[in-house]
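The structure file query-v6.pdb is reproduced below (PDB, C-alpha atoms, pLDDT in the B column).
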ATOM      1  CA  MET A   1       0.000   0.000   0.000  1.00 75.00           C
ATOM      2  CA  ASP A   2       1.371   3.450  -0.855  1.00 85.00           C
ATOM      3  CA  PRO A   3       2.148   5.899   1.982  1.00 88.00           C
ATOM      4  CA  TRP A   4      -0.755   8.222   1.062  1.00 91.00           C
ATOM      5  CA  HIS A   5      -3.291   5.421   1.591  1.00 90.00           C
ATOM      6  CA  ARG A   6      -1.573   4.409   4.828  1.00 91.00           C
ATOM      7  CA  PHE A   7      -1.539   8.046   5.953  1.00 91.00           C
ATOM      8  CA  ALA A   8      -5.278   8.318   5.262  1.00 88.00           C
ATOM      9  CA  GLU A   9      -5.833   5.189   7.344  1.00 87.00           C
ATOM     10  CA  GLY A  10      -3.944   6.758  10.236  1.00 85.00           C
ATOM     11  CA  HIS A  11      -0.701   4.737  10.254  1.00 87.00           C
ATOM     12  CA  PRO A  12       1.741   6.864  12.296  1.00 81.00           C
ATOM     13  CA  ASP A  13       4.823   5.757  10.340  1.00 90.00           C
ATOM     14  CA  ALA A  14       3.211   6.822   7.033  1.00 93.00           C
ATOM     15  CA  PHE A  15       3.310  10.479   8.086  1.00 94.00           C
ATOM     16  CA  GLU A  16       7.038  10.298   8.800  1.00 94.00           C
ATOM     17  CA  SER A  17       7.631   8.539   5.516  1.00 94.00           C
ATOM     18  CA  LEU A  18       5.704  11.263   3.613  1.00 95.00           C
ATOM     19  CA  PHE A  19       7.515  13.994   5.534  1.00 96.00           C
ATOM     20  CA  ARG A  20      10.907  12.570   4.620  1.00 95.00           C
ATOM     21  CA  GLN A  21       9.839  12.069   1.012  1.00 95.00           C
ATOM     22  CA  TYR A  22       8.375  15.552   0.468  1.00 96.00           C
ATOM     23  CA  GLN A  23      10.123  17.952   2.862  1.00 96.00           C
ATOM     24  CA  ARG A  24      12.615  18.961   0.150  1.00 96.00           C
ATOM     25  CA  ASP A  25       9.857  19.652  -2.416  1.00 95.00           C
ATOM     26  CA  VAL A  26       7.771  21.597   0.060  1.00 97.00           C
ATOM     27  CA  TYR A  27      10.730  23.641   1.296  1.00 96.00           C
ATOM     28  CA  SER A  28      11.950  24.474  -2.207  1.00 95.00           C
ATOM     29  CA  TRP A  29       8.440  25.543  -3.301  1.00 96.00           C
ATOM     30  CA  ILE A  30       7.926  27.736  -0.244  1.00 96.00           C
ATOM     31  CA  VAL A  31      11.362  29.353  -0.355  1.00 95.00           C
ATOM     32  CA  ARG A  32      10.621  30.463  -3.931  1.00 94.00           C
ATOM     33  CA  ILE A  33       7.532  32.278  -2.673  1.00 94.00           C
ATOM     34  CA  VAL A  34       8.745  33.800   0.604  1.00 93.00           C
ATOM     35  CA  ARG A  35      12.464  34.142  -0.328  1.00 91.00           C
ATOM     36  CA  ASP A  36      13.543  33.688   3.281  1.00 91.00           C
ATOM     37  CA  SER A  37      15.175  30.425   4.311  1.00 91.00           C
ATOM     38  CA  ALA A  38      14.321  30.667   8.041  1.00 93.00           C
ATOM     39  CA  ALA A  39      10.662  31.417   7.288  1.00 94.00           C
ATOM     40  CA  ALA A  40      10.633  28.613   4.705  1.00 95.00           C
ATOM     41  CA  GLU A  41      11.812  26.133   7.354  1.00 96.00           C
ATOM     42  CA  ASP A  42       9.038  27.225   9.731  1.00 96.00           C
ATOM     43  CA  LEU A  43       6.465  27.107   6.947  1.00 97.00           C
ATOM     44  CA  THR A  44       7.555  23.636   5.843  1.00 97.00           C
ATOM     45  CA  VAL A  45       6.845  22.347   9.353  1.00 97.00           C
ATOM     46  CA  GLU A  46       3.589  24.352   9.402  1.00 96.00           C
ATOM     47  CA  THR A  47       2.568  22.791   6.062  1.00 97.00           C
ATOM     48  CA  PHE A  48       3.039  19.238   7.318  1.00 96.00           C
ATOM     49  CA  TRP A  49       1.307  20.179  10.548  1.00 95.00           C
ATOM     50  CA  ARG A  50      -1.723  21.390   8.571  1.00 94.00           C
ATOM     51  CA  MET A  51      -1.600  18.239   6.478  1.00 95.00           C
ATOM     52  CA  TYR A  52      -1.506  16.089   9.629  1.00 92.00           C
ATOM     53  CA  ARG A  53      -4.487  17.903  11.117  1.00 90.00           C
ATOM     54  CA  ALA A  54      -6.462  17.573   7.860  1.00 90.00           C
ATOM     55  CA  ARG A  55      -5.772  13.839   7.466  1.00 87.00           C
ATOM     56  CA  ALA A  56      -9.406  12.947   8.175  1.00 85.00           C
ATOM     57  CA  ARG A  57     -10.484  15.004   5.150  1.00 85.00           C
ATOM     58  CA  PHE A  58      -7.812  13.615   2.805  1.00 87.00           C
ATOM     59  CA  ASN A  59      -9.028  11.482  -0.076  1.00 83.00           C
ATOM     60  CA  PRO A  60      -6.269   8.965  -0.907  1.00 78.00           C
ATOM     61  CA  GLU A  61      -7.698   8.504  -4.413  1.00 80.00           C
ATOM     62  CA  GLY A  62      -6.725  12.104  -5.229  1.00 79.00           C
ATOM     63  CA  LYS A  63      -3.243  13.423  -5.853  1.00 88.00           C
ATOM     64  CA  GLY A  64      -1.510  13.662  -2.492  1.00 90.00           C
ATOM     65  CA  ALA A  65       1.491  15.625  -3.733  1.00 92.00           C
ATOM     66  CA  ALA A  66      -0.745  18.258  -5.373  1.00 93.00           C
ATOM     67  CA  TRP A  67      -2.803  18.527  -2.176  1.00 94.00           C
ATOM     68  CA  LEU A  68       0.362  19.003  -0.151  1.00 95.00           C
ATOM     69  CA  ARG A  69       1.637  21.699  -2.511  1.00 96.00           C
ATOM     70  CA  ARG A  70      -1.644  23.545  -2.197  1.00 96.00           C
ATOM     71  CA  ILE A  71      -1.371  23.477   1.584  1.00 97.00           C
ATOM     72  CA  ALA A  72       2.216  24.758   1.268  1.00 97.00           C
ATOM     73  CA  THR A  73       1.118  27.593  -1.025  1.00 97.00           C
ATOM     74  CA  ASN A  74      -1.629  28.619   1.388  1.00 97.00           C
ATOM     75  CA  ALA A  75       0.817  28.585   4.299  1.00 97.00           C
ATOM     76  CA  ALA A  76       3.249  30.755   2.302  1.00 96.00           C
ATOM     77  CA  LEU A  77       0.445  33.155   1.314  1.00 96.00           C
ATOM     78  CA  ASP A  78      -0.631  33.451   4.958  1.00 95.00           C
ATOM     79  CA  HIS A  79       2.972  34.308   5.817  1.00 95.00           C
ATOM     80  CA  LEU A  80       3.123  37.012   3.119  1.00 93.00           C
ATOM     81  CA  ARG A  81      -0.179  38.451   4.370  1.00 92.00           C
ATOM     82  CA  HIS A  82       1.176  38.754   7.902  1.00 88.00           C
ATOM     83  CA  ALA A  83       4.666  39.903   6.913  1.00 81.00           C
ATOM     84  CA  LYS A  84       5.142  43.618   6.826  1.00 63.00           C
ATOM     85  CA  ARG A  85       4.021  45.041   3.486  1.00 55.00           C
ATOM     86  CA  GLN A  86       6.582  47.073   1.554  1.00 47.00           C
ATOM     87  CA  ALA A  87       9.455  45.475   3.428  1.00 52.00           C
ATOM     88  CA  PRO A  88      12.401  44.833   1.112  1.00 52.00           C
ATOM     89  CA  LEU A  89      12.746  41.226   0.036  1.00 56.00           C
ATOM     90  CA  PRO A  90      15.236  39.221   2.104  1.00 57.00           C
ATOM     91  CA  GLU A  91      18.542  38.825   0.317  1.00 55.00           C
ATOM     92  CA  ASP A  92      20.144  36.013   2.291  1.00 55.00           C
ATOM     93  CA  LEU A  93      19.241  33.310  -0.202  1.00 58.00           C
ATOM     94  CA  PRO A  94      21.590  31.434  -2.468  1.00 57.00           C
ATOM     95  CA  ALA A  95      20.673  32.714  -5.904  1.00 57.00           C
ATOM     96  CA  ASP A  96      22.247  33.350  -9.267  1.00 58.00           C
ATOM     97  CA  PRO A  97      24.666  36.279  -9.058  1.00 57.00           C
ATOM     98  CA  VAL A  98      23.350  39.592 -10.366  1.00 55.00           C
ATOM     99  CA  PRO A  99      25.604  41.396 -12.800  1.00 53.00           C
ATOM    100  CA  ASP A 100      26.020  44.897 -11.378  1.00 53.00           C
ATOM    101  CA  SER A 101      26.137  46.513 -14.773  1.00 51.00           C
ATOM    102  CA  ALA A 102      22.751  45.062 -15.753  1.00 52.00           C
ATOM    103  CA  VAL A 103      20.714  46.812 -13.088  1.00 58.00           C
ATOM    104  CA  GLN A 104      22.041  49.434 -10.687  1.00 77.00           C
ATOM    105  CA  HIS A 105      21.669  48.910  -6.959  1.00 80.00           C
ATOM    106  CA  GLU A 106      19.081  51.703  -6.587  1.00 82.00           C
ATOM    107  CA  THR A 107      17.016  50.345  -9.449  1.00 84.00           C
ATOM    108  CA  ARG A 108      17.175  46.873  -7.954  1.00 85.00           C
ATOM    109  CA  LEU A 109      15.887  48.175  -4.634  1.00 87.00           C
ATOM    110  CA  ALA A 110      13.087  50.065  -6.364  1.00 88.00           C
ATOM    111  CA  ILE A 111      12.014  46.919  -8.220  1.00 89.00           C
ATOM    112  CA  GLN A 112      12.120  44.864  -5.019  1.00 89.00           C
ATOM    113  CA  ARG A 113      10.059  47.514  -3.243  1.00 90.00           C
ATOM    114  CA  ALA A 114       7.496  47.574  -6.047  1.00 91.00           C
ATOM    115  CA  LEU A 115       7.235  43.785  -5.909  1.00 92.00           C
ATOM    116  CA  GLY A 116       6.841  43.909  -2.132  1.00 90.00           C
ATOM    117  CA  GLN A 117       3.959  46.366  -2.507  1.00 91.00           C
ATOM    118  CA  LEU A 118       1.902  43.950  -4.591  1.00 94.00           C
ATOM    119  CA  SER A 119      -0.814  42.019  -2.800  1.00 94.00           C
ATOM    120  CA  PRO A 120       0.325  38.496  -1.843  1.00 94.00           C
ATOM    121  CA  ARG A 121      -1.990  36.842  -4.407  1.00 94.00           C
ATOM    122  CA  LEU A 122      -0.424  38.888  -7.239  1.00 96.00           C
ATOM    123  CA  ARG A 123       3.104  38.723  -5.854  1.00 95.00           C
ATOM    124  CA  VAL A 124       3.076  34.931  -5.708  1.00 96.00           C
ATOM    125  CA  VAL A 125       2.067  34.727  -9.370  1.00 97.00           C
ATOM    126  CA  VAL A 126       4.828  37.135 -10.432  1.00 96.00           C
ATOM    127  CA  GLN A 127       7.507  35.439  -8.365  1.00 94.00           C
ATOM    128  CA  LEU A 128       6.658  31.936  -9.485  1.00 96.00           C
ATOM    129  CA  GLY A 129       5.826  32.808 -13.096  1.00 95.00           C
ATOM    130  CA  LEU A 130       8.312  35.514 -14.051  1.00 94.00           C
ATOM    131  CA  VAL A 131      11.209  35.006 -11.647  1.00 94.00           C
ATOM    132  CA  GLU A 132      11.153  31.232 -11.164  1.00 94.00           C
ATOM    133  CA  ASP A 133       9.706  30.343 -14.589  1.00 94.00           C
ATOM    134  CA  GLU A 134       7.128  27.923 -13.201  1.00 95.00           C
ATOM    135  CA  PRO A 135       4.480  26.966 -15.783  1.00 96.00           C
ATOM    136  CA  TYR A 136       1.048  28.617 -15.408  1.00 96.00           C
ATOM    137  CA  ASP A 137      -0.753  25.296 -14.962  1.00 95.00           C
ATOM    138  CA  GLU A 138       1.473  24.378 -12.002  1.00 95.00           C
ATOM    139  CA  ILE A 139       0.950  27.789 -10.410  1.00 97.00           C
ATOM    140  CA  GLY A 140      -2.794  27.424 -10.995  1.00 97.00           C
ATOM    141  CA  ALA A 141      -2.876  23.960  -9.416  1.00 95.00           C
ATOM    142  CA  ALA A 142      -0.992  25.248  -6.374  1.00 96.00           C
ATOM    143  CA  LEU A 143      -3.369  28.195  -5.969  1.00 96.00           C
ATOM    144  CA  GLY A 144      -6.509  26.231  -6.798  1.00 95.00           C
ATOM    145  CA  ILE A 145      -7.311  28.378  -9.859  1.00 96.00           C
ATOM    146  CA  SER A 146      -7.213  27.825 -13.633  1.00 96.00           C
ATOM    147  CA  SER A 147      -4.254  28.672 -15.884  1.00 96.00           C
ATOM    148  CA  ASN A 148      -6.378  31.427 -17.423  1.00 95.00           C
ATOM    149  CA  ALA A 149      -6.972  32.938 -13.997  1.00 96.00           C
ATOM    150  CA  VAL A 150      -3.193  32.843 -13.424  1.00 96.00           C
ATOM    151  CA  LYS A 151      -2.721  34.680 -16.729  1.00 94.00           C
ATOM    152  CA  VAL A 152      -5.256  37.329 -15.728  1.00 95.00           C
ATOM    153  CA  ARG A 153      -3.509  37.841 -12.375  1.00 96.00           C
ATOM    154  CA  MET A 154      -0.155  38.029 -14.139  1.00 95.00           C
ATOM    155  CA  PHE A 155      -1.313  40.773 -16.536  1.00 93.00           C
ATOM    156  CA  ARG A 156      -2.846  42.711 -13.655  1.00 94.00           C
ATOM    157  CA  ALA A 157       0.349  42.363 -11.610  1.00 95.00           C
ATOM    158  CA  VAL A 158       2.575  43.433 -14.498  1.00 93.00           C
ATOM    159  CA  ARG A 159       0.357  46.459 -15.166  1.00 92.00           C
ATOM    160  CA  LEU A 160       0.607  47.480 -11.502  1.00 94.00           C
ATOM    161  CA  LEU A 161       4.367  46.890 -11.411  1.00 93.00           C
ATOM    162  CA  ARG A 162       4.858  48.988 -14.565  1.00 92.00           C
ATOM    163  CA  LYS A 163       2.822  51.798 -13.025  1.00 92.00           C
ATOM    164  CA  LYS A 164       4.802  51.710  -9.763  1.00 91.00           C
ATOM    165  CA  LEU A 165       8.125  51.592 -11.595  1.00 90.00           C
ATOM    166  CA  LEU A 166       7.171  54.441 -13.924  1.00 90.00           C
ATOM    167  CA  GLU A 167       6.308  56.525 -10.848  1.00 88.00           C
ATOM    168  CA  THR A 168       9.860  56.018  -9.584  1.00 84.00           C
ATOM    169  CA  GLY A 169      11.334  56.906 -12.950  1.00 80.00           C
ATOM    170  CA  ILE A 170      12.152  53.383 -14.120  1.00 78.00           C
ATOM    171  CA  THR A 171      10.950  52.501 -17.594  1.00 75.00           C
ATOM    172  CA  PRO A 172      10.375  48.752 -17.861  1.00 69.00           C
TER     173      PRO A 172
ATOM    174  CA  MET B   1     -10.430  43.587 -35.384  1.00 52.00           C
ATOM    175  CA  ASN B   2      -8.248  40.462 -35.352  1.00 58.00           C
ATOM    176  CA  ASN B   3      -5.223  42.576 -36.224  1.00 59.00           C
ATOM    177  CA  MET B   4      -5.977  44.839 -33.263  1.00 55.00           C
ATOM    178  CA  ASN B   5      -6.171  41.820 -30.955  1.00 60.00           C
ATOM    179  CA  ASP B   6      -2.911  40.429 -32.327  1.00 60.00           C
ATOM    180  CA  MET B   7      -1.237  43.784 -31.744  1.00 56.00           C
ATOM    181  CA  ASN B   8      -2.561  43.914 -28.176  1.00 67.00           C
ATOM    182  CA  ASP B   9      -1.372  40.365 -27.502  1.00 70.00           C
ATOM    183  CA  ARG B  10       2.034  41.191 -28.953  1.00 72.00           C
ATOM    184  CA  ASP B  11       2.303  44.323 -26.788  1.00 72.00           C
ATOM    185  CA  THR B  12       1.263  42.441 -23.677  1.00 76.00           C
ATOM    186  CA  ASN B  13       3.751  39.663 -24.337  1.00 81.00           C
ATOM    187  CA  GLN B  14       6.496  42.204 -24.945  1.00 85.00           C
ATOM    188  CA  GLN B  15       5.647  43.917 -21.653  1.00 84.00           C
ATOM    189  CA  LEU B  16       5.705  40.543 -19.932  1.00 88.00           C
ATOM    190  CA  GLN B  17       9.126  39.672 -21.359  1.00 90.00           C
ATOM    191  CA  ALA B  18      10.550  43.087 -20.460  1.00 89.00           C
ATOM    192  CA  MET B  19       9.247  42.748 -16.906  1.00 91.00           C
ATOM    193  CA  ARG B  20      10.639  39.199 -16.651  1.00 92.00           C
ATOM    194  CA  LYS B  21      14.095  40.441 -17.647  1.00 90.00           C
ATOM    195  CA  LEU B  22      13.976  43.337 -15.204  1.00 90.00           C
ATOM    196  CA  LEU B  23      12.705  41.228 -12.321  1.00 91.00           C
ATOM    197  CA  LYS B  24      15.261  38.487 -12.843  1.00 90.00           C
ATOM    198  CA  ALA B  25      18.029  41.069 -12.712  1.00 87.00           C
ATOM    199  CA  ALA B  26      16.670  42.541  -9.454  1.00 88.00           C
ATOM    200  CA  VAL B  27      15.329  39.394  -7.806  1.00 88.00           C
ATOM    201  CA  PRO B  28      17.421  36.472  -9.044  1.00 88.00           C
ATOM    202  CA  PRO B  29      15.793  33.018  -9.106  1.00 90.00           C
ATOM    203  CA  VAL B  30      16.403  30.959  -5.994  1.00 88.00           C
ATOM    204  CA  THR B  31      18.983  28.235  -6.449  1.00 81.00           C
ATOM    205  CA  GLU B  32      18.579  26.763  -2.980  1.00 69.00           C
ATOM    206  CA  VAL B  33      16.379  23.703  -3.152  1.00 78.00           C
ATOM    207  CA  GLU B  34      17.351  21.805   0.000  1.00 87.00           C
ATOM    208  CA  PRO B  35      16.378  22.697   3.540  1.00 90.00           C
ATOM    209  CA  PRO B  36      19.629  23.417   5.408  1.00 89.00           C
ATOM    210  CA  ARG B  37      18.851  20.678   7.949  1.00 91.00           C
ATOM    211  CA  ASP B  38      16.533  17.744   8.492  1.00 94.00           C
ATOM    212  CA  LEU B  39      13.254  19.227   9.708  1.00 95.00           C
ATOM    213  CA  TRP B  40      11.801  15.994  11.109  1.00 95.00           C
ATOM    214  CA  PRO B  41      13.012  16.654  14.713  1.00 95.00           C
ATOM    215  CA  ARG B  42      11.188  20.017  14.625  1.00 95.00           C
ATOM    216  CA  MET B  43       8.112  18.321  13.232  1.00 95.00           C
ATOM    217  CA  LEU B  44       8.211  15.800  16.068  1.00 93.00           C
ATOM    218  CA  ARG B  45       8.442  18.585  18.647  1.00 93.00           C
ATOM    219  CA  ARG B  46       5.442  20.268  17.018  1.00 92.00           C
ATOM    220  CA  LEU B  47       3.462  17.038  17.114  1.00 89.00           C
ATOM    221  CA  GLU B  48       4.329  16.510  20.775  1.00 88.00           C
ATOM    222  CA  THR B  49       2.987  19.913  21.761  1.00 84.00           C
ATOM    223  CA  VAL B  50      -0.491  19.017  20.476  1.00 68.00           C
ATOM    224  CA  PRO B  51      -2.867  19.473  23.413  1.00 65.00           C
ATOM    225  CA  ALA B  52      -4.978  16.408  24.096  1.00 59.00           C
ATOM    226  CA  PRO B  53      -8.487  17.095  22.806  1.00 62.00           C
ATOM    227  CA  VAL B  54     -11.081  17.515  25.563  1.00 65.00           C
ATOM    228  CA  PRO B  55     -14.027  15.162  24.917  1.00 66.00           C
ATOM    229  CA  TRP B  56     -17.414  16.840  24.503  1.00 75.00           C
ATOM    230  CA  TRP B  57     -18.894  15.055  27.560  1.00 76.00           C
ATOM    231  CA  ASP B  58     -16.234  16.652  29.793  1.00 80.00           C
ATOM    232  CA  TRP B  59     -17.460  20.063  28.634  1.00 84.00           C
ATOM    233  CA  ALA B  60     -21.058  18.934  29.186  1.00 86.00           C
ATOM    234  CA  LEU B  61     -20.214  17.785  32.719  1.00 86.00           C
ATOM    235  CA  LEU B  62     -18.505  21.086  33.483  1.00 88.00           C
ATOM    236  CA  GLY B  63     -21.500  23.017  32.125  1.00 90.00           C
ATOM    237  CA  ALA B  64     -23.927  20.939  34.188  1.00 88.00           C
ATOM    238  CA  THR B  65     -21.844  21.463  37.351  1.00 88.00           C
ATOM    239  CA  VAL B  66     -21.774  25.229  36.822  1.00 89.00           C
ATOM    240  CA  ALA B  67     -25.541  25.237  36.187  1.00 90.00           C
ATOM    241  CA  VAL B  68     -26.206  23.256  39.392  1.00 88.00           C
ATOM    242  CA  LEU B  69     -23.955  25.591  41.412  1.00 88.00           C
ATOM    243  CA  CYS B  70     -25.759  28.635  40.029  1.00 90.00           C
ATOM    244  CA  ALA B  71     -29.139  27.128  40.892  1.00 89.00           C
ATOM    245  CA  PHE B  72     -28.075  25.748  44.303  1.00 88.00           C
ATOM    246  CA  PRO B  73     -25.047  27.684  45.633  1.00 87.00           C
ATOM    247  CA  SER B  74     -25.357  25.817  48.922  1.00 86.00           C
ATOM    248  CA  ALA B  75     -24.214  22.670  47.080  1.00 84.00           C
ATOM    249  CA  LEU B  76     -20.690  24.118  46.750  1.00 85.00           C
ATOM    250  CA  PRO B  77     -19.353  22.782  50.087  1.00 86.00           C
ATOM    251  CA  ALA B  78     -20.696  19.314  49.245  1.00 84.00           C
ATOM    252  CA  LEU B  79     -19.012  19.447  45.851  1.00 80.00           C
ATOM    253  CA  LEU B  80     -15.706  20.576  47.349  1.00 84.00           C
ATOM    254  CA  PHE B  81     -15.962  17.807  49.942  1.00 82.00           C
ATOM    255  CA  HIS B  82     -16.282  15.189  47.211  1.00 76.00           C
ATOM    256  CA  LEU B  83     -13.406  16.525  45.109  1.00 73.00           C
TER     257      LEU B  83
END
Translate this structure into structure tokens?
Amino acid sequence: MDPWHRFAEGHPDAFESLFRQYQRDVYSWIVRIVRDSAAAEDLTVETFWRMYRARARFNPEGKGAAWLRRIATNAALDHLRHAKRQAPLPEDLPADPVPDSAVQHETRLAIQRALGQLSPRLRVVVQLGLVEDEPYDEIGAALGISSNAVKVRMFRAVRLLRKKLLETGITP
Amino acid sequence: MNNMNDMNDRDTNQQLQAMRKLLKAAVPPVTEVEPPRDLWPRMLRRLETVPAPVPWWDWALLGATVAVLCAFPSALPALLFHL
């Protein structure tokens, strides 16, 4: 029997097995949204905690991994909602180096500020779709909306970002 | 009409690509995909702090006791004696 079925039946070892199997996936998904490794660790534990509490409602015939990712996305969105708006994005993450000549430091800060000012539901779409290059259908599945709805949110977010950047003198 | 739509789509896609380029330069994609440590010990601690659920009949018993004490305050010494 697969661990999802055993988890649904309440086997205690199945939860540990799922945790060990998916903690990397959950962490890497969340860290792409919140861009803060300490918060991503907390939210990974929070995600599995929510999953554990919701085990009675879990249908083992469905896709367990997709369900888990949706819980992770909701946990990350809750974090963004409670985090201080307009705060600059944390920069302690391992990421590709930024060539200084491409975008000046001030411009970079202005872009990060503009991104931080977006509502969490728009920001998550921009970060996953434009920065992390995740496909729209995967973003939609994680948010529980269609790919078309993701596209609509993306256009709205880009329009808002353009407006904010133009106000600070940056022409996208 | 179709030409207008095509032009709008092209403009929107161009805006999207320009924004993608700008964002990636300011907010580089995350390369970290592993949690820095095994999170299972933290998960275990979280599971151990779960308060034991109070059964509904315990609440009912408490409610009934409070109701009896409100109706018959003189029953309080007897209750304390039996505790």
Exercise for the section: Identify which of the residues A:Arg24, A:His11, A:Arg108, A:Arg70 lies closest to Pro36 of chain B, counting all atoms listed in the file when measuring atom-to-atom distances. Expected result: A:Arg24
Handout entry: Option closest in space to Leu79 of chain B, from B:Thr65, B:Asp9, B:Leu16, B:Trp56 [counting only C-alpha atoms]
Key = B:Thr65
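The gap separating atom CA of Gly144 of chain A from atom CA of Met51 of chain A is 16.3 Å, in Å to one decimal.
When atom CA of Glu41 of chain A is paired with atom CA of His5 of chain A, their separation reads 26.3 Å.
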Exercise for the section: Kindly provide, as JSON, numbers by chain, the residues of chain B having any atom no farther than 9 Å from an atom of chain A, counting only C-alpha atoms. Expected result: {"B": [12, 15, 16, 17, 18, 19, 20, 21, 22, 23, 24, 25, 26, 27, 28, 29, 30, 31, 32, 33, 34, 35, 36, 37, 38, 39, 40, 42, 43, 46, 47]}
Exercise for the section: To one decimal in Å, tell me the separation between atom CA of Ala114 of chain A and atom CA of Ala39 of chain A. Expected result: 21.2 Å
Problem - Ground truth for the PyMOL selection byres ((chain A and resi 57-63) around 10), written as a PyMOL selection string - result: chain A and resi 2-9+51-56+64-68
